[in-house]
file start24.cif (mmCIF, C-alpha atoms and all ligand atoms)
data_run
#
loop_
_atom_site.group_PDB
_atom_site.id
_atom_site.type_symbol
_atom_site.label_atom_id
_atom_site.label_comp_id
_atom_site.auth_asym_id
_atom_site.auth_seq_id
_atom_site.Cartn_x
_atom_site.Cartn_y
_atom_site.Cartn_z
ATOM 1 C CA MET T 1 -25.686 33.444 144.758
ATOM 2 C CA ILE T 2 -22.484 33.301 142.702
ATOM 3 C CA SER T 3 -20.947 29.851 142.334
ATOM 4 C CA PRO T 4 -17.223 29.649 143.211
ATOM 5 C CA ASP T 5 -16.846 27.553 140.023
ATOM 6 C CA HIS T 6 -17.683 30.540 137.869
ATOM 7 C CA PRO T 7 -14.598 31.553 135.865
ATOM 8 C CA ARG T 8 -15.195 35.203 136.757
ATOM 9 C CA TYR T 9 -15.965 34.453 140.424
ATOM 10 C CA ASN T 10 -13.578 36.994 142.025
ATOM 11 C CA SER T 11 -14.663 39.770 139.722
ATOM 12 C CA LEU T 12 -18.361 38.989 140.293
ATOM 13 C CA ILE T 13 -17.898 38.978 144.075
ATOM 14 C CA LEU T 14 -16.369 42.460 143.917
ATOM 15 C CA ARG T 15 -19.255 43.626 141.717
ATOM 16 C CA GLU T 16 -21.730 42.267 144.231
ATOM 17 C CA LYS T 17 -19.951 44.062 147.073
ATOM 18 C CA MET T 18 -20.087 47.326 145.137
ATOM 19 C CA ALA T 19 -23.750 46.883 144.165
ATOM 20 C CA ASN T 20 -24.717 46.127 147.787
ATOM 21 C CA ALA T 21 -22.805 49.172 149.041
ATOM 22 C CA TYR T 22 -24.694 51.285 146.512
ATOM 23 C CA GLN T 23 -28.032 49.848 147.725
ATOM 24 C CA GLU T 24 -26.979 50.663 151.306
ATOM 25 C CA GLY T 25 -26.254 54.263 150.326
ATOM 26 C CA ILE T 26 -22.513 54.135 151.019
ATOM 27 C CA LEU T 27 -21.628 54.598 147.352
ATOM 28 C CA ALA T 28 -22.905 57.058 144.765
ATOM 29 C CA ASP T 29 -24.102 55.606 141.450
ATOM 30 C CA THR T 30 -21.045 57.036 139.710
ATOM 31 C CA ALA T 31 -18.808 54.914 141.968
ATOM 32 C CA LEU T 32 -20.108 51.867 140.077
ATOM 33 C CA ILE T 33 -19.081 53.446 136.784
ATOM 34 C CA ALA T 34 -15.587 54.141 138.147
ATOM 35 C CA HIS T 35 -15.405 50.501 139.250
ATOM 36 C CA GLY T 36 -16.378 49.361 135.769
ATOM 37 C CA ARG T 37 -13.583 51.387 134.213
ATOM 38 C CA GLY T 38 -11.189 49.804 136.699
ATOM 39 C CA GLU T 39 -12.463 46.315 135.774
ATOM 40 C CA ALA T 40 -11.789 46.956 132.099
ATOM 41 C CA PHE T 41 -8.199 47.993 132.734
ATOM 42 C CA ASP T 42 -7.701 45.104 135.125
ATOM 43 C CA TYR T 43 -8.864 42.655 132.450
ATOM 44 C CA ILE T 44 -6.403 44.090 129.951
ATOM 45 C CA LEU T 45 -3.599 44.036 132.514
ATOM 46 C CA GLY T 46 -4.215 40.323 133.121
ATOM 47 C CA GLU T 47 -5.736 40.721 136.625
ATOM 48 C CA ASN T 48 -2.307 40.314 138.162
ATOM 49 C CA THR T 49 0.098 42.532 140.039
ATOM 50 C CA SER T 50 2.878 43.213 137.543
ATOM 51 C CA PRO T 51 6.575 43.477 138.469
ATOM 52 C CA ALA T 52 6.297 47.223 137.753
ATOM 53 C CA ALA T 53 3.394 47.558 140.199
ATOM 54 C CA LEU T 54 5.374 45.616 142.808
ATOM 55 C CA GLN T 55 8.256 48.036 142.431
ATOM 56 C CA ALA T 56 5.882 50.996 142.843
ATOM 57 C CA ILE T 57 4.378 49.328 145.937
ATOM 58 C CA ARG T 58 7.828 48.925 147.442
ATOM 59 C CA THR T 59 8.667 52.552 146.679
ATOM 60 C CA GLY T 60 5.348 53.791 148.071
ATOM 61 C CA ILE T 61 5.901 51.948 151.340
ATOM 62 C CA SER T 62 9.448 53.337 151.569
ATOM 63 C CA ALA T 63 8.038 56.865 151.191
ATOM 64 C CA MET T 64 5.400 56.218 153.848
ATOM 65 C CA LEU T 65 7.948 54.792 156.300
ATOM 66 C CA LEU T 66 10.243 57.798 155.744
ATOM 67 C CA ALA T 67 7.401 60.322 156.144
ATOM 68 C CA ASP T 68 6.916 62.588 159.162
ATOM 69 C CA ASN T 69 3.133 62.669 158.727
ATOM 70 C CA PRO T 70 1.823 59.975 156.404
ATOM 71 C CA VAL T 71 -1.929 59.923 155.754
ATOM 72 C CA ILE T 72 -4.191 57.449 153.933
ATOM 73 C CA SER T 73 -7.073 59.160 152.164
ATOM 74 C CA VAL T 74 -10.061 56.834 151.845
ATOM 75 C CA ASN T 75 -12.952 57.202 149.417
ATOM 76 C CA GLY T 76 -16.090 55.083 149.082
ATOM 77 C CA ASN T 77 -14.775 52.473 146.624
ATOM 78 C CA THR T 78 -11.591 51.923 148.615
ATOM 79 C CA ALA T 79 -13.478 51.544 151.896
ATOM 80 C CA VAL T 80 -16.012 49.115 150.441
ATOM 81 C CA LEU T 81 -13.352 46.970 148.753
ATOM 82 C CA SER T 82 -10.525 47.092 151.302
ATOM 83 C CA ALA T 83 -11.550 48.588 154.688
ATOM 84 C CA GLU T 84 -9.902 45.913 156.878
ATOM 85 C CA TYR T 85 -6.640 46.055 154.956
ATOM 86 C CA ILE T 86 -6.569 49.867 155.001
ATOM 87 C CA VAL T 87 -6.963 49.824 158.773
ATOM 88 C CA GLU T 88 -4.195 47.222 159.122
ATOM 89 C CA LEU T 89 -1.860 49.250 156.890
ATOM 90 C CA SER T 90 -2.553 52.443 158.854
ATOM 91 C CA ARG T 91 -1.722 50.626 162.100
ATOM 92 C CA LEU T 92 1.538 49.166 160.763
ATOM 93 C CA ILE T 93 3.020 52.329 159.176
ATOM 94 C CA PRO T 94 1.550 54.083 161.365
ATOM 95 C CA ALA T 95 -0.535 56.556 159.323
ATOM 96 C CA SER T 96 -3.779 58.475 159.909
ATOM 97 C CA ILE T 97 -6.936 57.630 157.982
ATOM 98 C CA GLU T 98 -8.957 60.485 156.474
ATOM 99 C CA ILE T 99 -12.344 60.154 154.788
ATOM 100 C CA ASN T 100 -12.473 61.823 151.432
ATOM 101 C CA LEU T 101 -15.569 61.594 149.305
ATOM 102 C CA PHE T 102 -16.034 62.910 145.783
ATOM 103 C CA TYR T 103 -19.804 63.152 146.338
ATOM 104 C CA ARG T 104 -19.809 64.057 150.000
ATOM 105 C CA THR T 105 -23.088 63.948 151.928
ATOM 106 C CA PRO T 106 -23.416 63.846 155.745
ATOM 107 C CA GLU T 107 -25.157 60.476 155.518
ATOM 108 C CA ARG T 108 -22.442 58.927 153.353
ATOM 109 C CA VAL T 109 -19.738 60.273 155.670
ATOM 110 C CA ARG T 110 -21.489 58.680 158.669
ATOM 111 C CA LYS T 111 -21.765 55.355 156.839
ATOM 112 C CA MET T 112 -18.109 55.466 155.833
ATOM 113 C CA GLU T 113 -17.082 56.167 159.407
ATOM 114 C CA LYS T 114 -19.123 53.211 160.610
ATOM 115 C CA LEU T 115 -17.619 50.956 157.940
ATOM 116 C CA LEU T 116 -14.064 51.943 158.916
ATOM 117 C CA LYS T 117 -14.764 51.612 162.653
ATOM 118 C CA ASN T 118 -16.294 48.157 162.089
ATOM 119 C CA ALA T 119 -13.090 47.250 160.245
ATOM 120 C CA GLY T 120 -11.124 48.153 163.395
ATOM 121 C CA ALA T 121 -10.221 51.833 162.923
ATOM 122 C CA THR T 122 -9.847 53.643 166.241
ATOM 123 C CA GLU T 123 -9.529 57.158 164.861
ATOM 124 C CA VAL T 124 -10.907 58.473 161.589
ATOM 125 C CA LEU T 125 -10.350 62.038 160.349
ATOM 126 C CA GLY T 126 -12.614 63.956 157.962
ATOM 127 C CA LYS T 127 -15.837 63.181 159.858
ATOM 128 C CA GLY T 128 -18.926 65.380 159.698
ATOM 129 C CA GLY T 129 -18.156 67.824 162.519
ATOM 130 C CA ASP T 130 -14.372 67.835 162.022
ATOM 131 C CA ASP T 131 -12.413 70.983 161.275
ATOM 132 C CA HIS T 132 -11.143 71.408 157.761
ATOM 133 C CA VAL T 133 -8.931 73.682 155.720
ATOM 134 C CA THR T 134 -9.000 74.183 151.961
ATOM 135 C CA ILE T 135 -6.527 72.590 149.563
ATOM 136 C CA PRO T 136 -5.358 75.447 147.298
ATOM 137 C CA GLY T 137 -6.604 75.124 143.712
ATOM 138 C CA LEU T 138 -9.759 73.137 144.525
ATOM 139 C CA GLY T 139 -13.334 74.141 145.287
ATOM 140 C CA GLY T 140 -16.330 72.519 146.981
ATOM 141 C CA PRO T 141 -16.274 69.524 149.329
ATOM 142 C CA ARG T 142 -13.337 67.969 147.451
ATOM 143 C CA SER T 143 -11.102 70.745 148.721
ATOM 144 C CA ARG T 144 -11.487 69.629 152.352
ATOM 145 C CA ALA T 145 -8.391 68.598 154.242
ATOM 146 C CA HIS T 146 -8.206 67.904 157.953
ATOM 147 C CA PRO T 147 -5.714 70.249 159.712
ATOM 148 C CA GLU T 148 -4.089 67.286 161.491
ATOM 149 C CA GLY T 149 -4.436 64.965 158.496
ATOM 150 C CA ILE T 150 -3.994 65.661 154.790
ATOM 151 C CA HIS T 151 -3.332 69.381 155.341
ATOM 152 C CA ARG T 152 -0.269 68.647 157.478
ATOM 153 C CA ALA T 153 0.796 65.462 155.643
ATOM 154 C CA ASP T 154 4.081 65.215 153.755
ATOM 155 C CA VAL T 155 3.114 61.884 152.156
ATOM 156 C CA VAL T 156 -0.449 60.898 151.184
ATOM 157 C CA LEU T 157 -1.731 57.602 149.849
ATOM 158 C CA VAL T 158 -4.763 58.379 147.675
ATOM 159 C CA PRO T 159 -6.191 55.224 146.065
ATOM 160 C CA LEU T 160 -8.599 55.863 143.136
ATOM 161 C CA GLU T 161 -8.212 59.616 143.344
ATOM 162 C CA ASP T 162 -9.592 62.195 140.942
ATOM 163 C CA GLY T 163 -7.102 63.958 138.686
ATOM 164 C CA ASP T 164 -7.759 67.512 139.898
ATOM 165 C CA ARG T 165 -7.251 66.595 143.493
ATOM 166 C CA ALA T 166 -4.116 64.552 142.844
ATOM 167 C CA GLN T 167 -2.714 67.542 140.943
ATOM 168 C CA ALA T 168 -3.632 69.977 143.747
ATOM 169 C CA LEU T 169 -1.989 67.736 146.356
ATOM 170 C CA VAL T 170 1.215 67.452 144.296
ATOM 171 C CA SER T 171 1.200 71.246 143.729
ATOM 172 C CA SER T 172 0.991 71.831 147.472
ATOM 173 C CA GLY T 173 4.318 70.013 147.825
ATOM 174 C CA LYS T 174 3.181 66.603 149.039
ATOM 175 C CA THR T 175 4.454 63.234 147.878
ATOM 176 C CA VAL T 176 1.351 61.629 146.385
ATOM 177 C CA ILE T 177 1.089 57.847 146.105
ATOM 178 C CA THR T 178 -1.870 56.587 144.114
ATOM 179 C CA ILE T 179 -3.352 53.215 143.207
ATOM 180 C CA ASP T 180 -5.053 53.442 139.817
ATOM 181 C CA LEU T 181 -5.650 50.716 137.226
ATOM 182 C CA ASN T 182 -5.661 53.270 134.414
ATOM 183 C CA PRO T 183 -2.037 54.248 133.701
ATOM 184 C CA LEU T 184 -3.302 57.061 131.448
ATOM 185 C CA SER T 185 -5.576 58.799 133.972
ATOM 186 C CA ARG T 186 -4.612 62.280 135.102
ATOM 187 C CA THR T 187 -4.203 60.880 138.603
ATOM 188 C CA ALA T 188 -1.758 58.216 137.405
ATOM 189 C CA GLN T 189 0.136 60.738 135.291
ATOM 190 C CA THR T 190 0.427 63.489 137.923
ATOM 191 C CA SER T 191 1.111 61.502 141.089
ATOM 192 C CA SER T 192 4.610 61.076 142.504
ATOM 193 C CA ILE T 193 4.350 57.286 142.830
ATOM 194 C CA THR T 194 1.725 55.479 140.731
ATOM 195 C CA ILE T 195 0.790 51.893 141.496
ATOM 196 C CA VAL T 196 -1.035 50.517 138.431
ATOM 197 C CA ASP T 197 -2.908 47.681 140.099
ATOM 198 C CA ASN T 198 -6.233 46.791 141.701
ATOM 199 C CA VAL T 199 -6.652 48.217 145.193
ATOM 200 C CA VAL T 200 -7.844 44.780 146.402
ATOM 201 C CA ARG T 201 -4.463 43.251 145.511
ATOM 202 C CA THR T 202 -2.308 46.280 146.306
ATOM 203 C CA ILE T 203 -3.192 46.993 149.926
ATOM 204 C CA PRO T 204 -2.487 43.408 151.139
ATOM 205 C CA LEU T 205 0.839 43.536 149.258
ATOM 206 C CA MET T 206 1.632 46.896 150.866
ATOM 207 C CA ILE T 207 1.053 45.285 154.263
ATOM 208 C CA LYS T 208 3.513 42.525 153.343
ATOM 209 C CA GLU T 209 6.101 45.088 152.206
ATOM 210 C CA VAL T 210 5.847 47.091 155.446
ATOM 211 C CA THR T 211 6.883 44.023 157.396
ATOM 212 C CA THR T 212 9.976 43.609 155.204
ATOM 213 C CA LEU T 213 10.920 47.274 154.817
ATOM 214 C CA LYS T 214 10.529 48.084 158.522
ATOM 215 C CA ARG T 215 13.845 46.274 158.999
ATOM 216 C CA TYR T 216 15.613 48.607 156.522
ATOM 217 C CA SER T 217 17.602 51.685 157.561
ATOM 218 C CA ARG T 218 16.439 55.154 156.474
ATOM 219 C CA LYS T 219 19.411 55.245 154.104
ATOM 220 C CA GLN T 220 18.279 52.014 152.410
ATOM 221 C CA LEU T 221 14.698 53.306 152.131
ATOM 222 C CA LYS T 222 15.970 56.548 150.567
ATOM 223 C CA GLU T 223 17.929 54.499 148.024
ATOM 224 C CA ILE T 224 14.731 52.701 146.982
ATOM 225 C CA LEU T 225 13.061 56.116 146.495
ATOM 226 C CA ASP T 226 16.013 57.540 144.548
ATOM 227 C CA GLU T 227 16.115 54.587 142.163
ATOM 228 C CA PHE T 228 12.438 54.968 141.251
ATOM 229 C CA ASP T 229 11.349 56.756 138.089
ATOM 230 C CA ASN T 230 7.540 57.115 137.970
ATOM 231 C CA ALA T 231 7.275 57.886 134.236
ATOM 232 C CA LYS T 232 9.394 54.835 133.374
ATOM 233 C CA ASN T 233 7.357 52.676 135.715
ATOM 234 C CA ILE T 234 4.068 53.795 134.125
ATOM 235 C CA SER T 235 5.547 52.991 130.683
ATOM 236 C CA LYS T 236 6.099 49.421 131.817
ATOM 237 C CA SER T 237 2.362 49.074 132.544
ATOM 238 C CA LEU T 238 1.518 50.626 129.174
ATOM 239 C CA ASN T 239 3.872 48.150 127.476
ATOM 240 C CA LEU T 240 2.116 45.313 129.254
ATOM 241 C CA ILE T 241 -1.243 46.537 127.952
ATOM 242 C CA SER T 242 -0.020 46.866 124.360
ATOM 243 C CA HIS T 243 1.614 43.457 124.599
ATOM 244 C CA HIS T 244 -1.757 41.930 125.535
ATOM 245 C CA PHE T 245 -3.348 43.546 122.474
ATOM 246 C CA LYS T 246 -0.619 42.180 120.209
ATOM 247 C CA GLN T 247 -0.793 38.597 121.467
ATOM 248 C CA ASP T 248 -1.314 37.068 118.015
ATOM 249 C CA GLU T 249 1.782 38.634 116.486
HETATM 250 P P1 LIG T 301 -8.719 61.165 136.401
HETATM 251 O O1 LIG T 301 -9.664 62.050 137.150
HETATM 252 O O2 LIG T 301 -7.535 60.746 137.200
HETATM 253 O O3 LIG T 301 -8.339 61.687 135.060
HETATM 254 P P2 LIG T 301 -10.951 59.544 135.644
HETATM 255 O O4 LIG T 301 -11.779 60.761 135.801
HETATM 256 O O5 LIG T 301 -10.847 58.898 134.318
HETATM 257 O O6 LIG T 301 -9.464 59.795 136.136
HETATM 258 P P3 LIG T 301 -12.194 58.681 138.028
HETATM 259 O O7 LIG T 301 -13.608 58.360 137.840
HETATM 260 O O8 LIG T 301 -11.802 60.019 138.600
HETATM 261 O O9 LIG T 301 -11.400 58.437 136.666
HETATM 262 O O10 LIG T 301 -11.533 57.594 138.981
HETATM 263 C C1 LIG T 301 -11.682 56.245 138.792
HETATM 264 C C2 LIG T 301 -10.319 55.638 138.537
HETATM 265 O O11 LIG T 301 -10.118 54.571 139.419
HETATM 266 C C3 LIG T 301 -10.213 55.070 137.118
HETATM 267 O O12 LIG T 301 -8.995 55.405 136.541
HETATM 268 C C4 LIG T 301 -10.269 53.551 137.332
HETATM 269 O O13 LIG T 301 -9.464 52.868 136.395
HETATM 270 C C5 LIG T 301 -9.687 53.419 138.722
HETATM 271 N N1 LIG T 301 -10.184 52.246 139.472
HETATM 272 C C6 LIG T 301 -11.472 51.814 139.602
HETATM 273 N N2 LIG T 301 -11.554 50.733 140.389
HETATM 274 C C7 LIG T 301 -10.284 50.467 140.795
HETATM 275 C C8 LIG T 301 -9.724 49.489 141.648
HETATM 276 N N3 LIG T 301 -10.467 48.543 142.234
HETATM 277 N N4 LIG T 301 -8.380 49.547 141.865
HETATM 278 C C9 LIG T 301 -7.615 50.496 141.284
HETATM 279 N N5 LIG T 301 -8.094 51.440 140.456
HETATM 280 C C10 LIG T 301 -9.408 51.443 140.221
HETATM 281 MG MG MG T 302 -11.730 61.977 137.465
#

call {"tool": "encode", "arguments": {"input": "start24.cif", "output": "structure tokens"}}
result
Amino acid sequence: MISPDHPRYNSLILREKMANAYQEGILADTALIAHGRGEAFDYILGENTSPAALQAIRTGISAMLLADNPVISVNGNTAVLSAEYIVELSRLIPASIEINLFYRTPERVRKMEKLLKNAGATEVLGKGGDDHVTIPGLGGPRSRAHPEGIHRADVVLVPLEDGDRAQALVSSGKTVITIDLNPLSRTAQTSSITIVDNVVRTIPLMIKEVTTLKRYSRKQLKEILDEFDNAKNISKSLNLISHHFKQDE
């Protein structure tokens, strides 16, 4: 039992959630390693959503609201940490939800589906028996895309994605929005809109932004997209990190 007085309470609660999900077989062991890398970057970033991340969130939501077929790709870590919020976001946009697992097994897919349904999802794509087509440039289970989901999507939100897949999605002409605490990862560097923040803070903020931006015209949303420069935005997060290392200067 973790005491709420513990100075690292929030972080420890997330760790516990991840460890339990691993015990339950939802997550692969490597998911815990990915979480640990995220924790390290979050610590260095100050465990806060930066102004740069907020701007990327606003831009990402604009892209999703302007999209013809927006899809949210959900992996194990994202589902375990943010299932309810993902479902709420998909309802508000509206966008489809597609299961996408790096280490895909039928059992894990079933558990993910159950987790998302328990969080309120009515329809989930990428289930065991579902049709799939191959994303060009990728092999194995990671290349799966649902014909009515990611395959057809013009805009995809891919939190905590792997670099190869992010690259393949961008190469197939899609606008790729990612959430990744590491501004140097291949995913962060290759995506169209990179939100350098923790998924547990980002998704609730995305929900808040939808409510605001739904009142905007398409022209106003396009202006938000046009003003955004992903490379510059990533640099702001890198500056924040180096600033934290130089705090004694
Ligand atoms: P890439 O494949 O993009 O080069 P990688 O191989 O270094 O990246 P992966 O293991 O593929 O990393 O994916 C894990 C990524 O997710 C890491 O960059 C990590 O910082 C990030 N991450 C982990 N937990 C979170 C979280 N809660 N919120 C946002 N990002 C996270
Ligand atoms: Mg990777």

call {"tool": "closest_atom_pairs", "arguments": {"input": "start24.cif", "of": "chain T", "to": "ligand LIG 301 (chain T)", "cutoff": "6 Å", "atoms": "only C-alpha atoms and all ligand atoms", "output": "CSV"}}
result
residue,atom,partner,partner_atom,distance
T:Ala34,CA,T:LIG301,C1,4.5
T:His35,CA,T:LIG301,N2,4.0
T:Arg37,CA,T:LIG301,O13,4.9
T:Gly38,CA,T:LIG301,O13,3.5
T:Leu160,CA,T:LIG301,O11,4.2
T:Glu161,CA,T:LIG301,O10,5.8
T:Asp162,CA,T:LIG301,O1,3.8
T:Gly163,CA,T:LIG301,O1,3.5
T:Ile179,CA,T:LIG301,C9,5.4
T:Asp180,CA,T:LIG301,N5,3.7
T:Leu181,CA,T:LIG301,N5,4.1
T:Asn182,CA,T:LIG301,O13,4.3
T:Ser185,CA,T:LIG301,O3,4.1
T:Arg186,CA,T:LIG301,O3,3.8
T:Thr187,CA,T:LIG301,O2,3.6
T:Asp197,CA,T:LIG301,C9,5.6
T:Asn198,CA,T:LIG301,N4,3.5
T:Val199,CA,T:LIG301,N4,4.0

call {"tool": "closest_residue", "arguments": {"input": "start24.cif", "among": "T:Ile207, T:Asn233, T:Val71, T:Lys114", "to": "T:Val155", "atoms": "all atoms listed in the file"}}
result
T:Val71

call {"tool": "closest_residue", "arguments": {"input": "start24.cif", "among": "T:Ala166, T:Asp29, T:Tyr9, T:Ala145", "to": "ligand MG 302 (chain T)", "atoms": "all atoms listed in the file"}}
result
T:Ala166

call {"tool": "resolve_selection", "arguments": {"input": "start24.cif", "expression": "the PyMOL selection byres (((chain T and resi 120) around 10) and not hetatm)", "output": "PyMOL selection string"}}
result
chain T and resi 83-88+91+114-119+121-123

call {"tool": "residues_around", "arguments": {"input": "start24.cif", "residues": "T:Ala168", "least_positions_apart": "3", "cutoff": "12 Å", "atoms": "all atoms listed in the file", "output": "ChimeraX atom specification"}}
result
/T:134-139,142-145,150-151,161-165,171-176,186-187,190-191

call {"tool": "resolve_selection", "arguments": {"input": "start24.cif", "expression": "the PyMOL selection byres (((chain T and resi 70) around 6) and not hetatm)", "output": "PyMOL selection string"}}
result
chain T and resi 64+67+69+71+95+153+155-156

call {"tool": "write_last_selection", "arguments": {"input": "start24.cif", "atoms": "C-alpha atoms", "output": "short mmCIF file (atom, residue, chain, number, x, y, z; two decimals), in the coordinates of the input"}}
result
data_model
loop_
_atom_site.label_atom_id
_atom_site.label_comp_id
_atom_site.auth_asym_id
_atom_site.auth_seq_id
_atom_site.Cartn_x
_atom_site.Cartn_y
_atom_site.Cartn_z
CA MET T 64 5.40 56.22 153.85
CA ALA T 67 7.40 60.32 156.14
CA ASN T 69 3.13 62.67 158.73
CA VAL T 71 -1.93 59.92 155.75
CA ALA T 95 -0.54 56.56 159.32
CA ALA T 153 0.80 65.46 155.64
CA VAL T 155 3.11 61.88 152.16
CA VAL T 156 -0.45 60.90 151.18
#

call {"tool": "axis_aligned_box", "arguments": {"input": "start24.cif", "around": "stretch 221-229 of chain T", "padding_each_side": "4 Å", "output": "AutoDock Vina command-line options"}}
result
--center_x 14.6 --center_y 55.1 --center_z 145.1 --size_x 14.6 --size_y 12.8 --size_z 22.0

call {"tool": "atom_distance", "arguments": {"input": "start24.cif", "atom1": "atom CA of T:His132", "atom2": "atom CA of T:Pro106"}}
result
14.6 Å

call {"tool": "closest_residue", "arguments": {"input": "start24.cif", "among": "T:Leu54, T:Ile93, T:Ala231, T:Leu81", "to": "T:Leu66", "atoms": "only C-alpha atoms"}}
result
T:Ile93

call {"tool": "closest_residue", "arguments": {"input": "start24.cif", "among": "T:Phe245, T:Tyr216, T:Phe102, T:Phe228", "to": "ligand MG 302 (chain T)", "atoms": "all atoms listed in the file"}}
result
T:Phe102

call {"tool": "build_atoms", "arguments": {"input": "start24.cif", "residues": "stretch 88-102 of chain T", "atoms": "N, CA and C atoms", "output": "CSV table (one decimal), in the frame of the given file"}}
result
chain,number,residue,atom,x,y,z
T,88,GLU,N,-5.4,48.0,158.8
T,88,GLU,CA,-4.2,47.2,159.1
T,88,GLU,C,-2.9,48.0,158.6
T,89,LEU,N,-3.0,48.5,157.4
T,89,LEU,CA,-1.9,49.2,156.9
T,89,LEU,C,-1.6,50.5,157.7
T,90,SER,N,-2.7,51.2,158.1
T,90,SER,CA,-2.6,52.4,158.9
T,90,SER,C,-1.9,52.2,160.2
T,91,ARG,N,-2.3,51.0,160.8
T,91,ARG,CA,-1.7,50.6,162.1
T,91,ARG,C,-0.2,50.3,162.0
T,92,LEU,N,0.2,49.6,160.9
T,92,LEU,CA,1.5,49.2,160.8
T,92,LEU,C,2.5,50.3,160.4
T,93,ILE,N,2.1,51.3,159.6
T,93,ILE,CA,3.0,52.3,159.2
T,93,ILE,C,3.6,53.1,160.3
T,94,PRO,N,3.0,53.8,161.3
T,94,PRO,CA,1.6,54.1,161.4
T,94,PRO,C,1.2,55.4,160.6
T,95,ALA,N,0.0,55.4,160.1
T,95,ALA,CA,-0.5,56.6,159.3
T,95,ALA,C,-2.0,56.9,159.7
T,96,SER,N,-2.4,58.1,159.6
T,96,SER,CA,-3.8,58.5,159.9
T,96,SER,C,-4.7,58.1,158.7
T,97,ILE,N,-5.9,57.9,159.0
T,97,ILE,CA,-6.9,57.6,158.0
T,97,ILE,C,-7.9,58.8,157.9
T,98,GLU,N,-8.1,59.3,156.7
T,98,GLU,CA,-9.0,60.5,156.5
T,98,GLU,C,-10.0,60.2,155.4
T,99,ILE,N,-11.3,60.4,155.7
T,99,ILE,CA,-12.3,60.2,154.8
T,99,ILE,C,-12.3,61.3,153.7
T,100,ASN,N,-12.4,60.8,152.5
T,100,ASN,CA,-12.5,61.8,151.4
T,100,ASN,C,-13.4,61.4,150.4
T,101,LEU,N,-14.5,62.0,150.2
T,101,LEU,CA,-15.6,61.6,149.3
T,101,LEU,C,-15.7,62.6,148.2
T,102,PHE,N,-15.8,62.1,147.0
T,102,PHE,CA,-16.0,62.9,145.8
T,102,PHE,C,-17.4,63.5,145.9
